[in-house]
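Structure first, then comments.
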Amino acid sequence: DTSSIGVGSMIMAGALVDTRVNIGEATVLWPRACVNHDVCIGDNSFISPNATICGAVTIGSHSFIGAGAVVVDHATVSPGSFVKAAERYTGHNT
């Protein structure tokens with residue numbers, strides 16, 4: 001039930017990282033971002049304020065998750081993808 005945070009990543013004050021979370025290198029979690037159980041976030045990704053990510057989700061490297069976005073339910077966000085602000089994303093993209 002451990003988590004790992006890669007070299008050069010920044011977790012801003014007020015962000016939440018739960019157990020069983022893997023965060024790649026040089027990734028930023030902004031205030032009030034919430035990353036819950038069983039999530040893998042790739043390198044050089046950006047998780048905006050108030051974004052919520054949970055439920056066995058994979059975020060590819062070089063991805064941007066917008067403010068207030070919700071990514072859940074075994075979703076896979078492909079490397080280099082953009083999830084817009086306030087979007088509820090439950091699927092897969094390419």
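We name chains A, B, ... following the order of the structure tokens; residues begin at 1 in each chain, and ligands are numbered from 1 as shown.
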Neighbouring residues of Ala69 (chain A) were defined as those with any atom within 10 Å, considering only C-alpha atoms; residues of the same chain fewer than 2 positions away were excluded. Please report them as an NGL selection string. :A and (33 or 47-53 or 65-67 or 71-72 or 83-89)
Just the residues within 10 Å of Ile11 (chain A), please, counting only C-alpha atoms, with nothing from its chain fewer than 6 positions along; format it as a PyMOL selection string. chain A and resi 5+17+27-31+33+47
Neighbours of region 73-81 of chain A within 10 Å (only C-alpha atoms; same-chain residues fewer than 2 positions away dropped), as a ChimeraX atom specification? /A:38-45,53-65,71,83-84,89-94
Quick one, how far is CA of Asn36 (chain A) from CA of Gly8 (chain A)? 20.6 Å
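Going from CA of Gly6 (chain A) over to CA of Val70 (chain A), you cover 22.6 Å.
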Quick one: DSSP strand (DSSP E or B) residues in chain A, as a ChimeraX atom specification? /A:4-5,10-11,16-17,21-23,28-29,34-35,39-41,46-47,52-53,58-59,64-65,70-71,76-77,82-83,88-89,92
Include N, CA and C atoms and write out the residues we just selected as an mmCIF file, in the first residue's frame.
```cif
data_model
loop_
_atom_site.group_PDB
_atom_site.id
_atom_site.type_symbol
_atom_site.label_atom_id
_atom_site.label_comp_id
_atom_site.auth_asym_id
_atom_site.auth_seq_id
_atom_site.Cartn_x
_atom_site.Cartn_y
_atom_site.Cartn_z
ATOM 1 N N SER A 4 4.736 5.987 -4.934
ATOM 2 C CA SER A 4 6.063 6.477 -5.312
ATOM 3 C C SER A 4 5.916 7.767 -6.101
ATOM 4 N N ILE A 5 6.866 8.665 -5.883
ATOM 5 C CA ILE A 5 6.879 9.962 -6.561
ATOM 6 C C ILE A 5 8.239 10.115 -7.216
ATOM 7 N N MET A 10 6.636 17.668 -8.377
ATOM 8 C CA MET A 10 6.237 18.618 -7.342
ATOM 9 C C MET A 10 4.789 18.358 -6.943
ATOM 10 N N ILE A 11 4.577 18.209 -5.646
ATOM 11 C CA ILE A 11 3.239 18.056 -5.086
ATOM 12 C C ILE A 11 2.965 19.329 -4.296
ATOM 13 N N LEU A 16 -3.567 16.031 -2.736
ATOM 14 C CA LEU A 16 -3.697 14.781 -1.998
ATOM 15 C C LEU A 16 -3.214 13.623 -2.857
ATOM 16 N N VAL A 17 -2.320 12.802 -2.295
ATOM 17 C CA VAL A 17 -1.862 11.579 -2.953
ATOM 18 C C VAL A 17 -2.176 10.419 -2.014
ATOM 19 N N VAL A 21 -0.260 4.752 -5.497
ATOM 20 C CA VAL A 21 -0.166 5.740 -6.565
ATOM 21 C C VAL A 21 1.286 5.808 -7.016
ATOM 22 N N ASN A 22 1.505 5.784 -8.327
ATOM 23 C CA ASN A 22 2.845 5.949 -8.881
ATOM 24 C C ASN A 22 2.858 7.190 -9.756
ATOM 25 N N ILE A 23 3.727 8.128 -9.415
ATOM 26 C CA ILE A 23 3.851 9.385 -10.149
ATOM 27 C C ILE A 23 5.234 9.416 -10.777
ATOM 28 N N VAL A 28 3.725 17.533 -12.104
ATOM 29 C CA VAL A 28 3.275 18.542 -11.144
ATOM 30 C C VAL A 28 1.814 18.293 -10.784
ATOM 31 N N LEU A 29 1.541 18.251 -9.479
ATOM 32 C CA LEU A 29 0.173 18.219 -8.954
ATOM 33 C C LEU A 29 -0.078 19.546 -8.268
ATOM 34 N N CYS A 34 -6.453 15.797 -6.506
ATOM 35 C CA CYS A 34 -6.672 14.611 -5.676
ATOM 36 C C CYS A 34 -6.396 13.365 -6.521
ATOM 37 N N VAL A 35 -5.381 12.609 -6.116
ATOM 38 C CA VAL A 35 -5.009 11.385 -6.821
ATOM 39 C C VAL A 35 -5.216 10.229 -5.850
ATOM 40 N N VAL A 39 -3.522 4.517 -9.118
ATOM 41 C CA VAL A 39 -3.329 5.435 -10.238
ATOM 42 C C VAL A 39 -1.856 5.451 -10.624
ATOM 43 N N CYS A 40 -1.601 5.490 -11.925
ATOM 44 C CA CYS A 40 -0.245 5.629 -12.446
ATOM 45 C C CYS A 40 -0.220 6.853 -13.355
ATOM 46 N N ILE A 41 0.650 7.816 -13.040
ATOM 47 C CA ILE A 41 0.793 9.037 -13.834
ATOM 48 C C ILE A 41 2.197 9.044 -14.418
ATOM 49 N N PHE A 46 0.925 17.153 -16.033
ATOM 50 C CA PHE A 46 0.467 18.332 -15.307
ATOM 51 C C PHE A 46 -0.958 18.063 -14.851
ATOM 52 N N ILE A 47 -1.157 18.014 -13.540
ATOM 53 C CA ILE A 47 -2.487 17.782 -12.968
ATOM 54 C C ILE A 47 -2.948 19.093 -12.334
ATOM 55 N N THR A 52 -9.559 15.456 -10.100
ATOM 56 C CA THR A 52 -9.680 14.227 -9.321
ATOM 57 C C THR A 52 -9.394 13.048 -10.233
ATOM 58 N N ILE A 53 -8.481 12.182 -9.787
ATOM 59 C CA ILE A 53 -8.104 11.000 -10.563
ATOM 60 C C ILE A 53 -8.184 9.805 -9.628
ATOM 61 N N THR A 58 -4.738 5.173 -15.621
ATOM 62 C CA THR A 58 -3.388 5.392 -16.130
ATOM 63 C C THR A 58 -3.376 6.685 -16.928
ATOM 64 N N ILE A 59 -2.496 7.605 -16.538
ATOM 65 C CA ILE A 59 -2.297 8.867 -17.256
ATOM 66 C C ILE A 59 -0.943 8.763 -17.948
ATOM 67 N N PHE A 64 -1.896 16.498 -19.913
ATOM 68 C CA PHE A 64 -2.411 17.644 -19.169
ATOM 69 C C PHE A 64 -3.833 17.321 -18.740
ATOM 70 N N ILE A 65 -4.089 17.401 -17.439
ATOM 71 C CA ILE A 65 -5.434 17.200 -16.901
ATOM 72 C C ILE A 65 -5.919 18.557 -16.395
ATOM 73 N N VAL A 70 -12.370 15.231 -13.899
ATOM 74 C CA VAL A 70 -12.498 13.994 -13.132
ATOM 75 C C VAL A 70 -12.178 12.845 -14.086
ATOM 76 N N VAL A 71 -11.176 12.038 -13.727
ATOM 77 C CA VAL A 71 -10.768 10.894 -14.544
ATOM 78 C C VAL A 71 -10.915 9.651 -13.670
ATOM 79 N N THR A 76 -7.842 5.132 -19.381
ATOM 80 C CA THR A 76 -6.469 5.288 -19.840
ATOM 81 C C THR A 76 -6.397 6.572 -20.650
ATOM 82 N N VAL A 77 -5.558 7.492 -20.218
ATOM 83 C CA VAL A 77 -5.315 8.731 -20.954
ATOM 84 C C VAL A 77 -3.991 8.532 -21.681
ATOM 85 N N PHE A 82 -4.730 15.708 -23.666
ATOM 86 C CA PHE A 82 -5.263 16.862 -22.953
ATOM 87 C C PHE A 82 -6.692 16.534 -22.540
ATOM 88 N N VAL A 83 -6.954 16.546 -21.240
ATOM 89 C CA VAL A 83 -8.327 16.399 -20.735
ATOM 90 C C VAL A 83 -8.756 17.786 -20.292
ATOM 91 N N ARG A 88 -15.592 15.130 -17.325
ATOM 92 C CA ARG A 88 -15.612 13.830 -16.644
ATOM 93 C C ARG A 88 -15.185 12.809 -17.685
ATOM 94 N N TYR A 89 -14.018 12.231 -17.484
ATOM 95 C CA TYR A 89 -13.427 11.326 -18.471
ATOM 96 C C TYR A 89 -13.414 9.909 -17.922
ATOM 97 N N HIS A 92 -11.289 5.807 -22.959
ATOM 98 C CA HIS A 92 -9.940 5.663 -23.479
ATOM 99 C C HIS A 92 -9.816 6.600 -24.675
#
```
Determine the nearest neighbour of His37 (chain A) from the options A:Ala13, A:Glu25, A:Asp18, A:Gly68, counting only C-alpha atoms. A:Asp18
